[in-house]
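In what follows, a single structure is set out as structure tokens and then discussed.
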Amino acid sequence: MGLDMTYKKVTSILLSVSWVALIFPVNCYAQFADTVFFGGDIITVNDKQPQVEALSVYQGKIQALGKLSTIEILAGPDTKLVNLNGRTLMPGFIDIHSHPILSAMMNQTIDISGFNHDTPQDVLASLRQGIKEKPAGEWVIAYGWDPAIITDLQSPTLEALDALAPDNPLLIISQTLHSGFVNTRAYQEAGIDKHTPDPTGGYFEKDSNGELNGHIVEVGAMAQFSKATPKYPMSAYVYLLTGQLENYAQAGYTTVVAPGLQNIIPNHLQSIKEVSEHENAPVRMFTYPMFQDLHASDFLPNQGNQHFTVLGPKLWVDGSPYAGGMAMDAPYLANEFTQKKLGIAKGSMGHLTYDDTQLEALVSDYHKQGWQISAHVQGERAASQFMNAVEKVLKEHPKNDHRHRMEHNALVTHQQLKRAKQLGITVSFYIDHINYYGDALRDHIVGKDRAERFMAVNSAIKAGHTVTLHTDTPSSPLGPLRAMRVAIMRNTQSDQYILGESESISPMNAIKALTINAAWQIFEEHSRGSLEVGKLADFTILNKNLLKTPPQDWEKVKVDSTYISGTQVENKKWNARKVSLVLQTAWGMLVQKVSD
């Protein structure tokens with residue numbers, strides 16, 4: 001019997017109450033389904049019921065799942081029937097670490113990334129064209145400077161930057177967002193000179209004579225320039241964020257988590273909340289604002305809803321591997337690449353953002369308040385410092401299931417992963433380092449031995465962790481399928497190396513890392529992450545079954561669609577909301593211009 005049977009026949013069957021009751025308890029399934037999915041593979045990511053033939057949705061949640069002959073009984077006269085036609089339905093992917101505001105803003109900059117350009121000449125041509133199109137006096141912002149991918153890209157001098165944009169303040173942002181370059185006009189606009197103190201969590205690099213040289217390093221320094229760039233009506237940012245949330249949906253995500261929601265636009269928390277809680281929002285949003293912004297807000301622990309929730313603060317314990325900020329136990333390799341192209345001093349072992357007392361105070365404060373802490377940790381020293389702080393706080397204020405997070409975990413050791421598990425600290429891996437930067441890491445930055453243990457995902461699983469994977473967008477492009485494939489294959493971009501073959505994970509563990517494990521890490525394992533009765537009907541539909549496709553062919557797998565609460569997400573270039581936001585922005589800018 002199939003779902004092409006007549007509604008008359010369905011009704012006749014359903015009237016046999018005594019028979020139906022043997023299959024479905026009346027108190028659970030007293031209503032016809034709103035939607036029934038069938039006709040393709042359904043991967044539940046539920047070990048007790050790994051695959052089913054059909055699934056029904058009622059009032060935004062999964063009503064039932066199992067054999068088609070069982071589920072079709074719930075199809076009533078108004079039930080929508082979705083034939084997968086051979087496609088594969090899965091729990092919606094969860095982007096456990098991304099930056100929606102930064103992504104929305106970087107999409108408006110000049111693209112100079114190594115993902116889209118092959119040579120230094122291509123990068124400079126794109127940069128020159130962008131400068132040419134800007135009127136004199138306006139900020140020029142370019143994003144994606146990446147000598148770790150375009151290895152012959154040379155760091156520009158301040159003189160070269162001034163010559164490149166003599167009439168405009170110029171800000172060039174690295175792909176990792178942890179460093180950049182500015183010209184003299186940009187220094188002036190930001191109110192920075194050689195006497196300006198370095199901010200917490202960053203510095204303005206100087207030459208041997210103590211003069212600014214155009215290089216700015218780490219997020220504290222970068223923030224000084226983002227504050228100086230022009231600001232627009234709030235509707236403009238809401239419009240850009242609306243588009244960015246649609247980008248997540250198109251990539252296959254249904255939930256997005258933003259650790260380090262930076263204050264680079266006016267009312268940044270309110271803006272992302274407004275977009276996420278809109279009735280047509282294509283994804284759900286969880287955030288960890290920067291700790292100082294969380295402190296200044298009115299948000300409280302355990303406050304939120306299914307569309308927008310603040311989980312806790314984000315702390316930057318160390319910096320980027322490619323800006324010299326990864327706090328390691330041993331120095332970066334000393335060579336022309338690290339010293340001339342990345343600007344890392346010989347003998348550098350990276351740096352910690354806080355001293356031990358400062359970090360302990362922050363961890364203690366937010367832990368006692370009941371927040372979940374998200375900590376940026378790349379090197380071994382950073383991991384040790386954060387775990388020391390958590391251990392000390394737990395002795396004074398025990399809590400069994402805090403799930404504080406260590407983000408990225410580039411060089412975190414096997415022993416540290418075991419210690420993190422004992423302390424109840426969870427881990428998420430920025431796996432794209434292996435693919436995009438693996439060649440540079442092995443040959444130039446940390447060497448073969450350390451590169452082999454970069455992103456020790458399998459070691460984390462062996463230590464008992466519920467591991468997650470992320471792309472840290474915009475630091476690397478959106479791509480859940482790519483992230484999973486890299487975690488399985490561990491190949492570098494050149495395919496010259498397999499970095500840490502013993503750290504490879506299985507396809508199912510990779511899938512879990514972006515579904516049920518990610519849900520667990522944000523305390524939402526009971527609402528999403530697997531297909532089970534009562535969970536949100538948030539789905540991702542692919543054109544192929546990942547479990548039936550060799551990982552090396554996952555590049556050919558495409559996201560067909562996503563569903564939120566059982567309703568298909570529509571990504572239209574224009575709709576009434578977007579038109580309204582554009583009109584509000586135009587009016588706001590006109591009023592702003594008149595008032596100026």
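Convention: chains lettered A, B, ... in structure tokens order; per-chain residue numbering from 1; ligands numbered from 1 as shown.
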- Task: Quick one: pick out all strand (DSSP E or B) residues within range 285-383 of chain A from a backbone DSSP run and write them as number ranges by chain.
- Result: A: 285-290, 304, 308-310, 314-316, 374-377
Please dump the current selection as a compact mmCIF listing (two decimals), in the first residue's frame; keep all heavy atoms.
```
# COMPACT_ATOMS: atom_id res chain seq x y z
N MET A 285 18.89 30.71 15.90
CA MET A 285 20.16 31.32 16.26
C MET A 285 20.45 31.23 17.77
O MET A 285 19.60 31.55 18.59
CB MET A 285 20.15 32.80 15.83
CG MET A 285 21.44 33.55 16.12
SD MET A 285 22.83 33.01 15.07
CE MET A 285 22.17 33.45 13.45
N PHE A 286 21.67 30.80 18.10
CA PHE A 286 22.18 30.82 19.46
C PHE A 286 23.46 31.65 19.45
O PHE A 286 24.24 31.56 18.50
CB PHE A 286 22.50 29.40 19.96
CG PHE A 286 21.27 28.55 20.18
CD1 PHE A 286 20.61 27.97 19.11
CD2 PHE A 286 20.79 28.32 21.46
CE1 PHE A 286 19.49 27.18 19.30
CE2 PHE A 286 19.67 27.52 21.67
CZ PHE A 286 19.02 26.96 20.59
N THR A 287 23.70 32.44 20.49
CA THR A 287 24.85 33.33 20.47
C THR A 287 25.64 33.31 21.78
O THR A 287 25.09 33.01 22.84
CB THR A 287 24.43 34.79 20.20
OG1 THR A 287 23.70 35.29 21.33
CG2 THR A 287 23.56 34.90 18.98
N TYR A 288 26.92 33.62 21.65
CA TYR A 288 27.80 33.89 22.78
C TYR A 288 28.44 35.25 22.50
O TYR A 288 29.46 35.34 21.81
CB TYR A 288 28.92 32.86 22.89
CG TYR A 288 28.49 31.42 23.09
CD1 TYR A 288 28.12 30.64 21.99
CD2 TYR A 288 28.51 30.82 24.35
CE1 TYR A 288 27.76 29.31 22.15
CE2 TYR A 288 28.16 29.49 24.52
CZ TYR A 288 27.78 28.74 23.41
OH TYR A 288 27.43 27.42 23.57
N PRO A 289 27.87 36.35 22.99
CA PRO A 289 28.47 37.66 22.74
C PRO A 289 29.84 37.77 23.41
O PRO A 289 30.17 36.99 24.32
CB PRO A 289 27.48 38.64 23.39
CG PRO A 289 26.24 37.85 23.62
CD PRO A 289 26.66 36.43 23.80
N MET A 290 30.64 38.74 22.97
CA MET A 290 31.87 39.04 23.69
C MET A 290 31.51 39.37 25.13
O MET A 290 30.48 39.98 25.41
CB MET A 290 32.60 40.19 23.03
CG MET A 290 33.04 39.90 21.60
SD MET A 290 34.06 38.41 21.49
CE MET A 290 35.48 38.92 22.44
N GLY A 304 15.45 32.74 26.71
CA GLY A 304 15.45 32.70 25.26
C GLY A 304 14.28 31.90 24.75
O GLY A 304 13.36 31.56 25.49
N PHE A 308 15.88 32.35 19.13
CA PHE A 308 17.04 33.14 19.52
C PHE A 308 17.32 32.96 21.00
O PHE A 308 16.43 33.15 21.84
CB PHE A 308 16.82 34.63 19.23
CG PHE A 308 17.97 35.50 19.66
CD1 PHE A 308 19.09 35.62 18.86
CD2 PHE A 308 17.93 36.18 20.87
CE1 PHE A 308 20.17 36.41 19.25
CE2 PHE A 308 19.00 36.96 21.28
CZ PHE A 308 20.12 37.08 20.46
N THR A 309 18.56 32.58 21.32
CA THR A 309 18.95 32.38 22.71
C THR A 309 20.40 32.82 22.90
O THR A 309 21.25 32.53 22.06
CB THR A 309 18.81 30.90 23.12
OG1 THR A 309 17.44 30.51 23.01
CG2 THR A 309 19.27 30.68 24.55
N VAL A 310 20.68 33.51 23.99
CA VAL A 310 22.04 33.86 24.39
C VAL A 310 22.51 32.81 25.39
O VAL A 310 21.86 32.58 26.41
CB VAL A 310 22.11 35.26 25.01
CG1 VAL A 310 23.52 35.56 25.51
CG2 VAL A 310 21.68 36.32 23.99
N LYS A 314 31.84 34.87 25.21
CA LYS A 314 32.97 34.36 24.44
C LYS A 314 34.25 35.01 24.97
O LYS A 314 34.31 36.22 25.16
CB LYS A 314 32.79 34.71 22.96
CG LYS A 314 34.03 34.48 22.07
CD LYS A 314 34.33 33.01 21.87
CE LYS A 314 35.53 32.82 20.93
NZ LYS A 314 35.23 33.17 19.54
N LEU A 315 35.27 34.18 25.22
CA LEU A 315 36.57 34.65 25.67
C LEU A 315 37.62 34.25 24.64
O LEU A 315 37.65 33.10 24.20
CB LEU A 315 36.93 34.03 27.03
CG LEU A 315 35.92 34.17 28.16
CD1 LEU A 315 36.42 33.43 29.40
CD2 LEU A 315 35.65 35.63 28.49
N TRP A 316 38.50 35.17 24.27
CA TRP A 316 39.62 34.85 23.40
C TRP A 316 40.84 34.59 24.29
O TRP A 316 41.44 35.53 24.81
CB TRP A 316 39.91 36.00 22.43
CG TRP A 316 39.47 35.73 21.04
CD1 TRP A 316 39.99 34.81 20.18
CD2 TRP A 316 38.40 36.36 20.33
NE1 TRP A 316 39.31 34.82 18.98
CE2 TRP A 316 38.33 35.77 19.05
CE3 TRP A 316 37.49 37.37 20.66
CZ2 TRP A 316 37.41 36.17 18.09
CZ3 TRP A 316 36.58 37.76 19.71
CH2 TRP A 316 36.54 37.16 18.44
N SER A 374 32.27 30.06 26.27
CA SER A 374 32.90 29.65 25.01
C SER A 374 34.29 30.28 24.96
O SER A 374 34.41 31.51 25.01
CB SER A 374 32.06 30.11 23.82
OG SER A 374 32.79 29.99 22.61
N ALA A 375 35.35 29.47 24.87
CA ALA A 375 36.71 29.98 24.92
C ALA A 375 37.48 29.61 23.66
O ALA A 375 37.60 28.43 23.31
CB ALA A 375 37.44 29.43 26.15
N HIS A 376 37.99 30.64 22.98
CA HIS A 376 38.85 30.46 21.81
C HIS A 376 40.20 29.92 22.30
O HIS A 376 40.92 30.60 23.02
CB HIS A 376 39.02 31.80 21.09
CG HIS A 376 40.05 31.80 20.01
ND1 HIS A 376 39.74 31.96 18.67
CD2 HIS A 376 41.41 31.68 20.04
CE1 HIS A 376 40.84 31.94 17.95
NE2 HIS A 376 41.88 31.77 18.76
N VAL A 377 40.53 28.70 21.89
CA VAL A 377 41.76 28.03 22.32
C VAL A 377 42.39 27.37 21.10
O VAL A 377 41.78 26.50 20.48
CB VAL A 377 41.46 26.98 23.41
CG1 VAL A 377 42.65 26.08 23.63
CG2 VAL A 377 41.04 27.64 24.70
```
- Message: List as an NGL selection string the protein and nucleic acid residues near Gly180 in chain A, meaning an atom at most 7 Å away when only C-alpha atoms are counted, but skip any in the same chain fewer than 6 places from it.
- Response: :A and (172-174 or 215-217)
- For Asp167 in chain A, list every protein, DNA or RNA residue within 9 Å, evaluated using only C-alpha atoms, and leave out those in the same chain fewer than 4 positions away; present the list as a list of chain:residue names. A:Pro135, A:Ala136, A:Gly137, A:Glu138, A:Asp162, A:Arg185
Taking all heavy atoms for each residue, export the selection above as a PDB file, in the first residue's frame.
```pdb
ATOM      1  N   PRO A 135      34.617  56.759  -4.036  1.00  0.00           N
ATOM      2  CA  PRO A 135      34.901  58.199  -4.058  1.00  0.00           C
ATOM      3  C   PRO A 135      35.994  58.549  -3.052  1.00  0.00           C
ATOM      4  O   PRO A 135      36.180  57.848  -2.053  1.00  0.00           O
ATOM      5  CB  PRO A 135      33.554  58.826  -3.648  1.00  0.00           C
ATOM      6  CG  PRO A 135      32.536  57.763  -3.874  1.00  0.00           C
ATOM      7  CD  PRO A 135      33.235  56.463  -3.649  1.00  0.00           C
ATOM      8  N   ALA A 136      36.698  59.616  -3.314  1.00  0.00           N
ATOM      9  CA  ALA A 136      37.753  60.063  -2.409  1.00  0.00           C
ATOM     10  C   ALA A 136      37.180  60.318  -1.020  1.00  0.00           C
ATOM     11  O   ALA A 136      36.089  60.854  -0.865  1.00  0.00           O
ATOM     12  CB  ALA A 136      38.397  61.334  -2.949  1.00  0.00           C
ATOM     13  N   GLY A 137      37.919  59.909  -0.006  1.00  0.00           N
ATOM     14  CA  GLY A 137      37.501  60.119   1.375  1.00  0.00           C
ATOM     15  C   GLY A 137      36.731  58.972   1.990  1.00  0.00           C
ATOM     16  O   GLY A 137      36.655  58.868   3.217  1.00  0.00           O
ATOM     17  N   GLU A 138      36.130  58.091   1.176  1.00  0.00           N
ATOM     18  CA  GLU A 138      35.362  56.967   1.714  1.00  0.00           C
ATOM     19  C   GLU A 138      36.282  55.813   2.105  1.00  0.00           C
ATOM     20  O   GLU A 138      37.311  55.579   1.485  1.00  0.00           O
ATOM     21  CB  GLU A 138      34.330  56.479   0.688  1.00  0.00           C
ATOM     22  CG  GLU A 138      33.139  57.398   0.541  1.00  0.00           C
ATOM     23  CD  GLU A 138      31.997  56.725  -0.205  1.00  0.00           C
ATOM     24  OE1 GLU A 138      32.053  55.485  -0.382  1.00  0.00           O
ATOM     25  OE2 GLU A 138      31.056  57.424  -0.600  1.00  0.00           O
ATOM     26  N   ASP A 162      49.864  53.492   1.394  1.00  0.00           N
ATOM     27  CA  ASP A 162      49.537  54.907   1.145  1.00  0.00           C
ATOM     28  C   ASP A 162      49.491  55.197  -0.344  1.00  0.00           C
ATOM     29  O   ASP A 162      48.624  55.947  -0.815  1.00  0.00           O
ATOM     30  CB  ASP A 162      50.569  55.808   1.832  1.00  0.00           C
ATOM     31  CG  ASP A 162      50.386  55.849   3.343  1.00  0.00           C
ATOM     32  OD1 ASP A 162      49.292  55.484   3.813  1.00  0.00           O
ATOM     33  OD2 ASP A 162      51.344  56.241   4.044  1.00  0.00           O
ATOM     34  N   ARG A 185      45.850  57.159   6.261  1.00  0.00           N
ATOM     35  CA  ARG A 185      44.511  57.762   6.375  1.00  0.00           C
ATOM     36  C   ARG A 185      43.641  56.976   7.355  1.00  0.00           C
ATOM     37  O   ARG A 185      42.854  57.561   8.107  1.00  0.00           O
ATOM     38  CB  ARG A 185      43.838  57.816   5.002  1.00  0.00           C
ATOM     39  CG  ARG A 185      44.437  58.805   4.008  1.00  0.00           C
ATOM     40  CD  ARG A 185      44.071  60.254   4.362  1.00  0.00           C
ATOM     41  NE  ARG A 185      42.643  60.494   4.332  1.00  0.00           N
ATOM     42  CZ  ARG A 185      41.972  60.962   3.268  1.00  0.00           C
ATOM     43  NH1 ARG A 185      42.623  61.213   2.140  1.00  0.00           N
ATOM     44  NH2 ARG A 185      40.683  61.182   3.332  1.00  0.00           N
TER      45      ARG A 185
END
```
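Distance check against Met90 in chain A using only C-alpha atoms: of A:Thr44, A:Thr413, A:Ser113, A:Asn458, the minimum falls on A:Thr44.
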- Message: Let's see if you can do this: from backbone DSSP, list all helix (DSSP H, G or I) residues in range 15-220 of chain A, as a PyMOL selection string.
- Response: chain A and resi 17-23+68-74+100-106+120-132+158-164+184-190+219-220
- Considering only C-alpha atoms, return as a ChimeraX atom specification whatever protein or nucleic-acid residues lie within 7 Å of range 537-550 of chain A, sequence-local ones (same chain, fewer than 4 positions apart) excluded. /A:41,57,60-62,87-93,252,254,507,554,557-566
How would the residues just chosen look if you wrote them out with N, CA, C and O atoms as a CSV table (one decimal), in the first residue's frame?
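Saved the output as again_21.csv:
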```csv
chain,number,residue,atom,x,y,z
A,41,ASP,N,15.6,8.0,1.2
A,41,ASP,CA,16.3,7.5,2.4
A,41,ASP,C,16.1,8.6,3.5
A,41,ASP,O,16.2,9.8,3.3
A,57,VAL,N,4.9,14.9,10.4
A,57,VAL,CA,5.1,16.1,11.2
A,57,VAL,C,3.7,16.7,11.6
A,57,VAL,O,2.8,16.7,10.8
A,60,GLY,N,4.7,21.4,13.8
A,60,GLY,CA,6.1,21.8,13.8
A,60,GLY,C,7.1,20.8,14.4
A,60,GLY,O,8.3,21.1,14.5
A,61,LYS,N,6.5,19.7,14.9
A,61,LYS,CA,7.4,18.7,15.5
A,61,LYS,C,7.2,17.3,14.9
A,61,LYS,O,6.2,17.1,14.2
A,62,ILE,N,8.2,16.4,15.1
A,62,ILE,CA,8.0,15.1,14.5
A,62,ILE,C,7.0,14.3,15.3
A,62,ILE,O,7.0,14.2,16.5
A,87,ARG,N,15.7,11.4,-2.9
A,87,ARG,CA,16.6,12.2,-2.1
A,87,ARG,C,16.7,11.7,-0.7
A,87,ARG,O,16.0,10.8,-0.3
A,88,THR,N,17.6,12.3,0.1
A,88,THR,CA,17.8,11.8,1.5
A,88,THR,C,17.5,12.9,2.5
A,88,THR,O,18.0,14.1,2.3
A,89,LEU,N,16.7,12.6,3.4
A,89,LEU,CA,16.3,13.5,4.5
A,89,LEU,C,17.1,13.2,5.8
A,89,LEU,O,17.2,12.0,6.1
A,90,MET,N,17.6,14.3,6.4
A,90,MET,CA,18.4,14.1,7.6
A,90,MET,C,18.0,15.2,8.6
A,90,MET,O,17.3,16.1,8.3
A,91,PRO,N,18.5,15.1,9.9
A,91,PRO,CA,18.3,16.2,10.8
A,91,PRO,C,19.0,17.4,10.2
A,91,PRO,O,20.0,17.3,9.6
A,92,GLY,N,18.4,18.6,10.5
A,92,GLY,CA,19.1,19.8,10.0
A,92,GLY,C,20.5,20.0,10.5
A,92,GLY,O,20.7,19.7,11.7
A,93,PHE,N,21.4,20.4,9.7
A,93,PHE,CA,22.8,20.6,10.1
A,93,PHE,C,22.8,21.8,11.1
A,93,PHE,O,22.1,22.8,10.9
A,252,GLY,N,22.6,24.4,4.0
A,252,GLY,CA,22.0,23.2,4.6
A,252,GLY,C,21.8,23.3,6.1
A,252,GLY,O,21.5,22.3,6.8
A,254,THR,N,20.1,24.5,9.7
A,254,THR,CA,18.8,24.9,10.3
A,254,THR,C,19.0,25.6,11.6
A,254,THR,O,18.1,26.3,12.1
A,507,PRO,N,32.3,8.3,8.7
A,507,PRO,CA,31.3,9.1,8.1
A,507,PRO,C,30.1,9.4,9.1
A,507,PRO,O,29.6,10.5,9.3
A,554,TRP,N,31.9,13.2,-1.8
A,554,TRP,CA,30.9,14.1,-1.2
A,554,TRP,C,30.9,15.5,-1.8
A,554,TRP,O,29.9,16.2,-1.6
A,557,VAL,N,27.8,15.9,-3.6
A,557,VAL,CA,26.5,15.9,-2.9
A,557,VAL,C,26.1,17.3,-2.7
A,557,VAL,O,26.8,18.2,-2.4
A,558,LYS,N,24.8,17.6,-3.0
A,558,LYS,CA,24.3,18.9,-3.0
A,558,LYS,C,23.1,19.0,-2.0
A,558,LYS,O,22.3,18.1,-1.8
A,559,VAL,N,23.0,20.2,-1.4
A,559,VAL,CA,21.9,20.5,-0.5
A,559,VAL,C,20.7,20.8,-1.4
A,559,VAL,O,20.7,21.7,-2.2
A,560,ASP,N,19.6,20.1,-1.2
A,560,ASP,CA,18.4,20.3,-2.0
A,560,ASP,C,17.5,21.4,-1.4
A,560,ASP,O,17.0,22.3,-2.0
A,561,SER,N,17.3,21.3,-0.1
A,561,SER,CA,16.4,22.2,0.6
A,561,SER,C,16.5,22.0,2.1
A,561,SER,O,17.1,21.0,2.6
A,562,THR,N,16.0,22.9,2.9
A,562,THR,CA,15.9,22.8,4.3
A,562,THR,C,14.5,23.0,4.8
A,562,THR,O,13.7,23.7,4.1
A,563,TYR,N,14.1,22.5,5.9
A,563,TYR,CA,12.8,22.7,6.5
A,563,TYR,C,13.0,23.2,8.0
A,563,TYR,O,13.8,22.7,8.7
A,564,ILE,N,12.2,24.2,8.4
A,564,ILE,CA,12.1,24.6,9.7
A,564,ILE,C,10.7,24.4,10.2
A,564,ILE,O,9.7,24.8,9.6
A,565,SER,N,10.6,23.6,11.3
A,565,SER,CA,9.2,23.2,11.9
A,565,SER,C,8.4,22.6,10.8
A,565,SER,O,7.1,22.8,10.8
A,566,GLY,N,9.0,21.8,9.9
A,566,GLY,CA,8.2,21.1,8.9
A,566,GLY,C,7.8,21.9,7.7
A,566,GLY,O,7.2,21.4,6.8
```
- Query: Excluding same-chain residues fewer than 5 positions from range 490-501 of chain A, what lies within 6 Å of it counting only C-alpha atoms, as a list in words?
  - Reply: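 Those residues are Ile434, Asn435, Tyr436, Gly438, Glu452 and Arg453 of chain A.
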- Rank nothing, just name the residue among A:Pro147, A:Ala236, A:Gln568, A:Val533 nearest to Lys80 in chain A, using only C-alpha atoms.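 Of all the options, A:Gln568 lies closest to Lys80 in chain A.
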- Message: I want to know what sits within 12 Å of Asp472 in chain A, based on only C-alpha atoms, with residues of the same chain fewer than 2 positions away left out; could you give that as a PyMOL selection string?
- Response: chain A and resi 95-100+102-103+175-177+256-261+376+407-408+428-433+469-470+474-480+483
Print the selection's residues with C-alpha atoms to a file, as a PDB file, in the first residue's frame.
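Once everything was written out, this is result19.pdb:
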```pdb
ATOM      1  CA  ASP A  95      26.665  25.293  12.450  1.00  0.00           C
ATOM      2  CA  ILE A  96      28.171  25.179  15.916  1.00  0.00           C
ATOM      3  CA  HIS A  97      30.656  28.049  15.415  1.00  0.00           C
ATOM      4  CA  SER A  98      30.062  30.830  12.927  1.00  0.00           C
ATOM      5  CA  HIS A  99      29.991  34.627  12.748  1.00  0.00           C
ATOM      6  CA  PRO A 100      26.805  35.889  11.083  1.00  0.00           C
ATOM      7  CA  LEU A 102      31.014  39.425  10.397  1.00  0.00           C
ATOM      8  CA  SER A 103      29.931  37.278   7.452  1.00  0.00           C
ATOM      9  CA  GLN A 175      41.095  35.773   6.018  1.00  0.00           C
ATOM     10  CA  THR A 176      41.343  34.686   9.658  1.00  0.00           C
ATOM     11  CA  LEU A 177      40.045  38.085  10.862  1.00  0.00           C
ATOM     12  CA  VAL A 256      23.455  28.537  13.690  1.00  0.00           C
ATOM     13  CA  VAL A 257      25.584  29.173  16.765  1.00  0.00           C
ATOM     14  CA  ALA A 258      27.633  32.370  16.973  1.00  0.00           C
ATOM     15  CA  PRO A 259      30.450  32.381  19.558  1.00  0.00           C
ATOM     16  CA  GLY A 260      32.026  35.827  19.603  1.00  0.00           C
ATOM     17  CA  LEU A 261      29.171  37.926  18.301  1.00  0.00           C
ATOM     18  CA  HIS A 376      38.855  30.455  21.813  1.00  0.00           C
ATOM     19  CA  GLU A 407      36.807  26.331  20.387  1.00  0.00           C
ATOM     20  CA  HIS A 408      39.123  25.329  17.492  1.00  0.00           C
ATOM     21  CA  SER A 428      34.697  21.856  18.826  1.00  0.00           C
ATOM     22  CA  PHE A 429      37.224  21.605  16.003  1.00  0.00           C
ATOM     23  CA  TYR A 430      37.888  24.077  13.197  1.00  0.00           C
ATOM     24  CA  ILE A 431      38.648  21.245  10.804  1.00  0.00           C
ATOM     25  CA  ASP A 432      39.176  23.424   7.704  1.00  0.00           C
ATOM     26  CA  HIS A 433      42.692  24.175   8.968  1.00  0.00           C
ATOM     27  CA  LEU A 469      33.059  20.405  13.771  1.00  0.00           C
ATOM     28  CA  HIS A 470      32.817  23.944  12.420  1.00  0.00           C
ATOM     29  CA  PRO A 474      33.701  33.843   7.257  1.00  0.00           C
ATOM     30  CA  SER A 475      37.213  32.594   8.114  1.00  0.00           C
ATOM     31  CA  SER A 476      36.457  29.794   5.677  1.00  0.00           C
ATOM     32  CA  PRO A 477      33.443  29.391   3.385  1.00  0.00           C
ATOM     33  CA  LEU A 478      30.183  27.855   4.510  1.00  0.00           C
ATOM     34  CA  GLY A 479      30.215  24.123   3.860  1.00  0.00           C
ATOM     35  CA  PRO A 480      28.997  21.395   6.222  1.00  0.00           C
ATOM     36  CA  ALA A 483      33.888  20.035   6.864  1.00  0.00           C
TER      37      ALA A 483
END
```
- Fewer than 6 positions away in the same chain doesn't count, so skip those; otherwise give me all residues within 12 Å of His117 in chain A, counting only C-alpha atoms, as a list in words. Asp111, Val123, Leu124, Ala125, Ser126, Leu127, Gly144, Trp145, Asp146, Pro147, Ile149, Ile150, Thr151 and Leu153 of chain A
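Among A:Leu245, A:Ala75, A:Ile131, A:Ala64, the residue with the shortest atom-to-atom distance to Leu161 in chain A, counting only C-alpha atoms, is A:Ile131.
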Counting only C-alpha atoms, which residues in range 369-439 of chain A sit no more than 12 Å from range 346-349 of chain A? For each one, give the nearest pair of atoms and the distance in Å, sorted by chain then residue number, as a tab-separated table.
```
residue	atom	partner	partner_atom	distance
A:Gln378	CA	A:Met349	CA	11.8
A:Gly379	CA	A:Met349	CA	9.1
A:Glu380	CA	A:Met349	CA	10.3
A:Arg381	CA	A:Met349	CA	9.2
A:Ala382	CA	A:Met349	CA	11.0
```
- Which residue, A:Gly39, A:Gly370, A:Gly202, A:Pro169, has the smallest gap to Tyr187 in chain A when you use only C-alpha atoms?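 Checking each of A:Gly39, A:Gly370, A:Gly202, A:Pro169 against Tyr187 in chain A, counting only C-alpha atoms, the winner is A:Pro169.
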- Message: From the options A:Ser179, A:Asn409, A:Ser502, A:Gln521, which residue's atoms come nearest to Leu311 in chain A, counting only C-alpha atoms?
- Response: A:Gln521
